[in-house]
Structures are given as structure tokens and as C-alpha cells.
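Right, one structure below, let's go through it.
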Amino acid sequence: MKQQALRIWPLLTGTHRYEKVVSTRNRGHGQFITAPILAYLIETPNGRILYDVGCDYQKIATPELRSKYYDPMRDFFDPPVMDDSQRIPSYLQRLGLTARDIDLVFLGHLHFDHAGGLCDLPGCEVHVHADEVQAAATRLDSGVFADEVAGASGWNLQSAEYEVAPGVHALCTPGHTAGHMSLFIELPKGRPVILCGDAADLTENLTDEVAPGYCWQDNEALAISSIRRMKSIAEREGAELWPNHDFEFYRGLPAFPAWRE
């Protein structure tokens, strides 16, 4: 029998208010939205995976750090809002777990709202696409904080799609960033799920095939190609597409500590 993942917990790791054009390229100038910052805990027959880890809490909770890291972004972004209960270890504790119970952290990309929380998970095995690390080294992407990728030499760098664990498959979905990856997850009861990551912030990105506002090296065509590919896989496999920063969609997901299986 084909092995599948067991369950997914959506984790709300904070919220972010920003101009909508950040999520939908050339759409939403002057319109501000509040978006969830999501991570996902995935239980598989071979262990537990985190897809993304949220922000570095100290950069938000400490006024000096908040000013240093987030004031330069204020034209488009307010600083993220996050409390201690939204840190990954707090969620794990509510399930009777610790960071030592996480077998693998899979980073869809290296922007601060997806990779910053690594500091709360010392010693975890980290998987990310090699192109993400190479792009981060250029310092051309203001969404990547240098201190949050300082440990990259110890990460497990990927260069292609692969089976992360039974029922969990990495999909290459570049465009928003150089090496963005999404996850295709097969589950025992419901339809498969594609965690889009920031390849699709909002449902609108998927329905209207609109690229994210930021595309690495302005490669809008690559971002749209990734959206179309995810939609094609979803149609072929009967999968659900889960956009990453859409509050209306998020409210329809199981509320922690409930899960999807």
C-alpha cells in the first residue's frame, strides 16, 4: 500500500499588514490588507516536518531590533505582529512536543517571515533549494535577513524535486524567489494538499493567475508558470491548493490544535 502523510496542523505564526500590491503584481496599490503568516506541521510515518517557521520573535518583540529590521520596509509593510504563543516551540509544547521532536525543517524560501523562526529550532535538519542560498548571498533581496541565513553551510541543499518523506513531495515553484519550493502532501482521508508557499499568497493569485508582487529578477513569467503548474497538478491529482497569506482561506482551515488528515 502506498504510504501517505498522516496529518497537517496549520500554524498561525503572526500577522502582517501591507499594501496588497506586495501579493498581487500591479494590483492593489494603496489598498492595505492584513495577512496571516503561516507555517505547517506535517506528521508522516517517518517523522515530523515543519514547512516554514515564521518570523524571528526577538526582531518583533525588541524595539531596537524592530526598528533596525522593519523600519526600512514601512513604505509597503507594517512590522509583523506576533506574540510568544505564536512561536513554533509554543505550538509544539501544546502538543507535548519540543524542537527535538522535529525531524526536518523544509523552508519554501528564505524571506524573514518564513525562515526567521529557525533560531527557535537549534539543531534541526534544514532543507532548502540551493538557488535560495545562492540568491541570498547576493544581498539583492531585502526580504532575506543575513543573520537568518548564516547557518546555511550546514543545511541540506536541494537542486530538484524529491520525496521529502512518505506522502510528502517537494515541488519546484520558482519565480517569487530564485529557488522557491512548495509541497504536495498525500493524506489518508481527505484530498491531497499543495502548500503553495509564497508561489501564491492569495486565492486571487491562483484564480486569476497573477504573479506575486515581488518576483526574483522581475521574472514574472516564471512566477506565473509556477502557478499554472501547481494548478495543473491539483487538477490531475484532485488536490486542494492552499495559498499562504490569505486570511479568508486560512479561516476555513482547522483551528489549532485541530488538524487535517
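Identifiers in this document derive from the order of the C-alpha cells: chains are assigned A, B, ..., residues are numbered from 1 separately in each chain, and ligands are numbered from 1 in order of occurrence.
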Exercise for the section: Check the DSSP output for the backbone and give back, as a PyMOL selection string, the residues of segment 157-219 of chain A in strand (DSSP E). Expected result: chain A and resi 157-158+163-165+168-172+181-185+193-195
Contact check, segment 177-245 of chain A to segment 1-21 of chain A, at most 9 Å, counting only C-alpha atoms, closest pairs as CSV:
```
residue,atom,partner,partner_atom,distance
A:Ile185,CA,A:Ala5,CA,6.7
A:Glu186,CA,A:Gln4,CA,5.3
A:Leu187,CA,A:Ala5,CA,5.2
A:Pro188,CA,A:Gln4,CA,6.3
A:Lys189,CA,A:Leu6,CA,9.0
A:Pro212,CA,A:Val21,CA,8.1
A:Gly213,CA,A:Val21,CA,5.6
A:Tyr214,CA,A:Val21,CA,8.8
A:His245,CA,A:His16,CA,8.9
```
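Those residues that approach Asn156 of chain A to within 8 Å, counting only C-alpha atoms, are A:Glu125, A:Val126, A:His127, A:Val128, A:Gly154, A:Gln158; same-chain residues fewer than 2 positions away are not listed.
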Practice task
Enumerate as a count of residues only all residues of segment 48-228 of chain A assigned to alpha helix (DSSP H) by DSSP on the backbone, naming them with the chain letters and numbers the document uses.
Solution key: 46
Exercise for the section: List the neighbours of Asp120 of chain A out to 8 Å using only C-alpha atoms; skip same-chain residues closer than 4 positions along the sequence, and give me the result as a list in words. Expected result: Asp56, Arg87, Ile88, Pro89 and Ala99 of chain A
Written selection (N, CA and C atoms) as a tab-separated table (two decimals), in the first residue's frame:
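Contents of part-v8.tsv, as written:
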```tsv
chain	number	residue	atom	x	y	z
A	56	ASP	N	11.45	35.63	13.28
A	56	ASP	CA	12.27	35.67	14.48
A	56	ASP	C	11.55	36.56	15.49
A	87	ARG	N	4.98	31.44	18.57
A	87	ARG	CA	6.28	30.87	18.22
A	87	ARG	C	6.13	29.36	18.05
A	88	ILE	N	6.94	28.79	17.17
A	88	ILE	CA	6.85	27.36	16.90
A	88	ILE	C	6.98	26.53	18.18
A	89	PRO	N	7.95	26.79	19.07
A	89	PRO	CA	8.03	25.98	20.29
A	89	PRO	C	6.76	26.02	21.15
A	99	ALA	N	11.38	20.98	20.14
A	99	ALA	CA	12.13	21.07	18.88
A	99	ALA	C	12.83	19.76	18.55
```
Please, which residues in segment 95-117 of chain A fall within 10 Å of segment 33-49 of chain A when counting only C-alpha atoms, and what is the closest atom pair and distance in Å to one decimal for each, ordered by chain then residue number, as JSON lines?
```
{"residue": "A:Asp101", "atom": "CA", "partner": "A:Arg48", "partner_atom": "CA", "distance": 7.1}
{"residue": "A:Ile102", "atom": "CA", "partner": "A:Arg48", "partner_atom": "CA", "distance": 5.2}
{"residue": "A:Asp103", "atom": "CA", "partner": "A:Arg48", "partner_atom": "CA", "distance": 5.3}
{"residue": "A:Leu104", "atom": "CA", "partner": "A:Ile49", "partner_atom": "CA", "distance": 4.9}
{"residue": "A:Val105", "atom": "CA", "partner": "A:Ile49", "partner_atom": "CA", "distance": 5.7}
{"residue": "A:Phe106", "atom": "CA", "partner": "A:Ile49", "partner_atom": "CA", "distance": 6.9}
{"residue": "A:Leu107", "atom": "CA", "partner": "A:Ala39", "partner_atom": "CA", "distance": 9.7}
{"residue": "A:Asp113", "atom": "CA", "partner": "A:Ile37", "partner_atom": "CA", "distance": 6.8}
{"residue": "A:His114", "atom": "CA", "partner": "A:Ala39", "partner_atom": "CA", "distance": 7.5}
{"residue": "A:Ala115", "atom": "CA", "partner": "A:Ala39", "partner_atom": "CA", "distance": 10.0}
```
Would you export the selected residues with N, CA and C atoms as a PDB file, in the first residue's frame, please?
```pdb
ATOM      1  N   ASP A 101      11.658  16.951  18.668  1.00  0.00           N
ATOM      2  CA  ASP A 101      10.709  16.045  18.016  1.00  0.00           C
ATOM      3  C   ASP A 101      10.469  16.392  16.550  1.00  0.00           C
ATOM      4  N   ILE A 102      11.132  17.444  16.067  1.00  0.00           N
ATOM      5  CA  ILE A 102      11.036  17.809  14.650  1.00  0.00           C
ATOM      6  C   ILE A 102      12.191  17.144  13.908  1.00  0.00           C
ATOM      7  N   ASP A 103      11.852  16.362  12.914  1.00  0.00           N
ATOM      8  CA  ASP A 103      12.876  15.624  12.169  1.00  0.00           C
ATOM      9  C   ASP A 103      13.461  16.428  11.027  1.00  0.00           C
ATOM     10  N   LEU A 104      12.704  17.396  10.511  1.00  0.00           N
ATOM     11  CA  LEU A 104      13.170  18.132   9.334  1.00  0.00           C
ATOM     12  C   LEU A 104      12.411  19.444   9.228  1.00  0.00           C
ATOM     13  N   VAL A 105      13.131  20.508   8.963  1.00  0.00           N
ATOM     14  CA  VAL A 105      12.532  21.800   8.632  1.00  0.00           C
ATOM     15  C   VAL A 105      12.720  22.023   7.133  1.00  0.00           C
ATOM     16  N   PHE A 106      11.619  22.176   6.424  1.00  0.00           N
ATOM     17  CA  PHE A 106      11.645  22.414   4.977  1.00  0.00           C
ATOM     18  C   PHE A 106      11.265  23.874   4.756  1.00  0.00           C
ATOM     19  N   LEU A 107      12.201  24.662   4.262  1.00  0.00           N
ATOM     20  CA  LEU A 107      11.942  26.077   4.017  1.00  0.00           C
ATOM     21  C   LEU A 107      11.554  26.276   2.554  1.00  0.00           C
ATOM     22  N   ASP A 113       9.752  36.110   7.016  1.00  0.00           N
ATOM     23  CA  ASP A 113       8.524  35.609   7.635  1.00  0.00           C
ATOM     24  C   ASP A 113       8.356  34.102   7.451  1.00  0.00           C
ATOM     25  N   HIS A 114       9.340  33.478   6.824  1.00  0.00           N
ATOM     26  CA  HIS A 114       9.295  32.035   6.615  1.00  0.00           C
ATOM     27  C   HIS A 114      10.500  31.317   7.216  1.00  0.00           C
ATOM     28  N   ALA A 115      11.613  32.026   7.329  1.00  0.00           N
ATOM     29  CA  ALA A 115      12.850  31.401   7.810  1.00  0.00           C
ATOM     30  C   ALA A 115      13.331  31.945   9.149  1.00  0.00           C
TER      31      ALA A 115
END
```
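When only C-alpha atoms are used to compute distances to Thr203 of chain A, the closest of the residues A:Gln31, A:Glu237, A:Ser23, A:Pro63 turns out to be A:Ser23.
Minimum distance to Phe256 of chain A across A:Leu92, A:Leu202, A:Val22, A:Val53 (counting only C-alpha atoms) occurs at A:Leu92.
One distance worth recording is that between atom CA of Lys59 of chain A and atom CA of Phe247 of chain A, which is 23.3 Å.
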Exercise for the section: Extract, using only C-alpha atoms, all DNA, RNA and protein residues at most 12 Å from Leu206 of chain A, discarding same-chain residues fewer than 5 positions from it, and format them as a PyMOL selection string. Expected result: chain A and resi 23-24+196+198-201+211-212+223-232+234+240-244+246
Those same residues, written as an mmCIF file, in the first residue's frame with N, CA, C and O atoms?
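Once everything was written out, this is again-v4.cif:
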```
data_model
loop_
_atom_site.group_PDB
_atom_site.id
_atom_site.type_symbol
_atom_site.label_atom_id
_atom_site.label_comp_id
_atom_site.auth_asym_id
_atom_site.auth_seq_id
_atom_site.Cartn_x
_atom_site.Cartn_y
_atom_site.Cartn_z
ATOM 1 N N SER A 23 1.381 41.278 -2.735
ATOM 2 C CA SER A 23 0.922 39.922 -3.037
ATOM 3 C C SER A 23 0.451 39.743 -4.468
ATOM 4 O O SER A 23 0.524 38.632 -5.007
ATOM 5 N N THR A 24 -0.070 40.799 -5.076
ATOM 6 C CA THR A 24 -0.621 40.687 -6.428
ATOM 7 C C THR A 24 0.040 41.740 -7.309
ATOM 8 O O THR A 24 -0.200 42.930 -7.152
ATOM 9 N N CYS A 196 1.179 25.966 -1.199
ATOM 10 C CA CYS A 196 1.739 26.791 -2.266
ATOM 11 C C CYS A 196 2.944 27.587 -1.794
ATOM 12 O O CYS A 196 3.797 27.958 -2.610
ATOM 13 N N ASP A 198 4.761 30.948 -0.889
ATOM 14 C CA ASP A 198 4.542 32.265 -1.471
ATOM 15 C C ASP A 198 4.543 32.247 -2.993
ATOM 16 O O ASP A 198 4.565 33.308 -3.636
ATOM 17 N N ALA A 199 4.504 31.064 -3.594
ATOM 18 C CA ALA A 199 4.219 31.000 -5.025
ATOM 19 C C ALA A 199 2.804 31.505 -5.295
ATOM 20 O O ALA A 199 2.494 31.931 -6.412
ATOM 21 N N ALA A 200 1.936 31.456 -4.259
ATOM 22 C CA ALA A 200 0.587 32.008 -4.353
ATOM 23 C C ALA A 200 0.184 32.497 -2.970
ATOM 24 O O ALA A 200 -0.222 31.708 -2.117
ATOM 25 N N ASP A 201 0.303 33.792 -2.741
ATOM 26 C CA ASP A 201 -0.096 34.371 -1.452
ATOM 27 C C ASP A 201 -1.596 34.251 -1.225
ATOM 28 O O ASP A 201 -2.051 33.901 -0.138
ATOM 29 N N ALA A 211 0.907 36.971 -10.758
ATOM 30 C CA ALA A 211 2.173 36.732 -10.082
ATOM 31 C C ALA A 211 2.222 37.460 -8.747
ATOM 32 O O ALA A 211 1.531 38.467 -8.547
ATOM 33 N N PRO A 212 3.026 36.968 -7.805
ATOM 34 C CA PRO A 212 3.286 37.747 -6.586
ATOM 35 C C PRO A 212 3.883 39.108 -6.952
ATOM 36 O O PRO A 212 4.501 39.267 -8.013
ATOM 37 N N ALA A 223 7.108 33.107 -12.445
ATOM 38 C CA ALA A 223 6.162 33.002 -11.331
ATOM 39 C C ALA A 223 4.797 32.520 -11.811
ATOM 40 O O ALA A 223 4.163 31.669 -11.172
ATOM 41 N N ILE A 224 4.329 33.034 -12.925
ATOM 42 C CA ILE A 224 3.041 32.613 -13.469
ATOM 43 C C ILE A 224 3.114 31.162 -13.932
ATOM 44 O O ILE A 224 2.164 30.384 -13.758
ATOM 45 N N SER A 225 4.237 30.767 -14.502
ATOM 46 C CA SER A 225 4.410 29.371 -14.900
ATOM 47 C C SER A 225 4.297 28.435 -13.704
ATOM 48 O O SER A 225 3.690 27.358 -13.807
ATOM 49 N N SER A 226 4.848 28.835 -12.573
ATOM 50 C CA SER A 226 4.750 28.006 -11.365
ATOM 51 C C SER A 226 3.311 27.913 -10.874
ATOM 52 O O SER A 226 2.864 26.853 -10.437
ATOM 53 N N ILE A 227 2.581 29.022 -10.946
ATOM 54 C CA ILE A 227 1.169 28.999 -10.562
ATOM 55 C C ILE A 227 0.396 28.037 -11.462
ATOM 56 O O ILE A 227 -0.394 27.201 -10.992
ATOM 57 N N ARG A 228 0.627 28.125 -12.753
ATOM 58 C CA ARG A 228 -0.091 27.253 -13.697
ATOM 59 C C ARG A 228 0.282 25.793 -13.486
ATOM 60 O O ARG A 228 -0.566 24.906 -13.596
ATOM 61 N N ARG A 229 1.526 25.551 -13.142
ATOM 62 C CA ARG A 229 1.942 24.168 -12.909
ATOM 63 C C ARG A 229 1.259 23.614 -11.662
ATOM 64 O O ARG A 229 0.788 22.469 -11.662
ATOM 65 N N MET A 230 1.195 24.389 -10.583
ATOM 66 C CA MET A 230 0.502 23.916 -9.377
ATOM 67 C C MET A 230 -0.966 23.637 -9.670
ATOM 68 O O MET A 230 -1.522 22.632 -9.199
ATOM 69 N N LYS A 231 -1.591 24.506 -10.445
ATOM 70 C CA LYS A 231 -2.992 24.287 -10.796
ATOM 71 C C LYS A 231 -3.160 23.022 -11.625
ATOM 72 O O LYS A 231 -4.132 22.268 -11.441
ATOM 73 N N SER A 232 -2.229 22.771 -12.530
ATOM 74 C CA SER A 232 -2.298 21.569 -13.355
ATOM 75 C C SER A 232 -2.146 20.310 -12.507
ATOM 76 O O SER A 232 -2.889 19.333 -12.686
ATOM 77 N N ALA A 234 -2.816 20.070 -9.319
ATOM 78 C CA ALA A 234 -4.011 19.967 -8.481
ATOM 79 C C ALA A 234 -5.177 19.359 -9.256
ATOM 80 O O ALA A 234 -5.925 18.510 -8.741
ATOM 81 N N GLU A 240 -6.183 19.959 -3.254
ATOM 82 C CA GLU A 240 -6.517 21.313 -2.833
ATOM 83 C C GLU A 240 -5.267 22.179 -2.907
ATOM 84 O O GLU A 240 -4.171 21.732 -2.581
ATOM 85 N N LEU A 241 -5.447 23.430 -3.304
ATOM 86 C CA LEU A 241 -4.363 24.412 -3.315
ATOM 87 C C LEU A 241 -4.524 25.338 -2.114
ATOM 88 O O LEU A 241 -5.574 25.972 -1.960
ATOM 89 N N TRP A 242 -3.503 25.399 -1.274
ATOM 90 C CA TRP A 242 -3.566 26.227 -0.072
ATOM 91 C C TRP A 242 -2.670 27.449 -0.235
ATOM 92 O O TRP A 242 -1.449 27.356 -0.117
ATOM 93 N N PRO A 243 -3.259 28.626 -0.537
ATOM 94 C CA PRO A 243 -2.456 29.849 -0.603
ATOM 95 C C PRO A 243 -1.933 30.209 0.783
ATOM 96 O O PRO A 243 -2.494 29.802 1.802
ATOM 97 N N ASN A 244 -0.884 31.010 0.810
ATOM 98 C CA ASN A 244 -0.097 31.135 2.042
ATOM 99 C C ASN A 244 -0.394 32.361 2.895
ATOM 100 O O ASN A 244 -0.047 32.381 4.069
ATOM 101 N N ASP A 246 -3.564 34.274 2.866
ATOM 102 C CA ASP A 246 -4.960 34.628 2.586
ATOM 103 C C ASP A 246 -5.802 34.347 3.822
ATOM 104 O O ASP A 246 -6.063 33.190 4.154
#
```
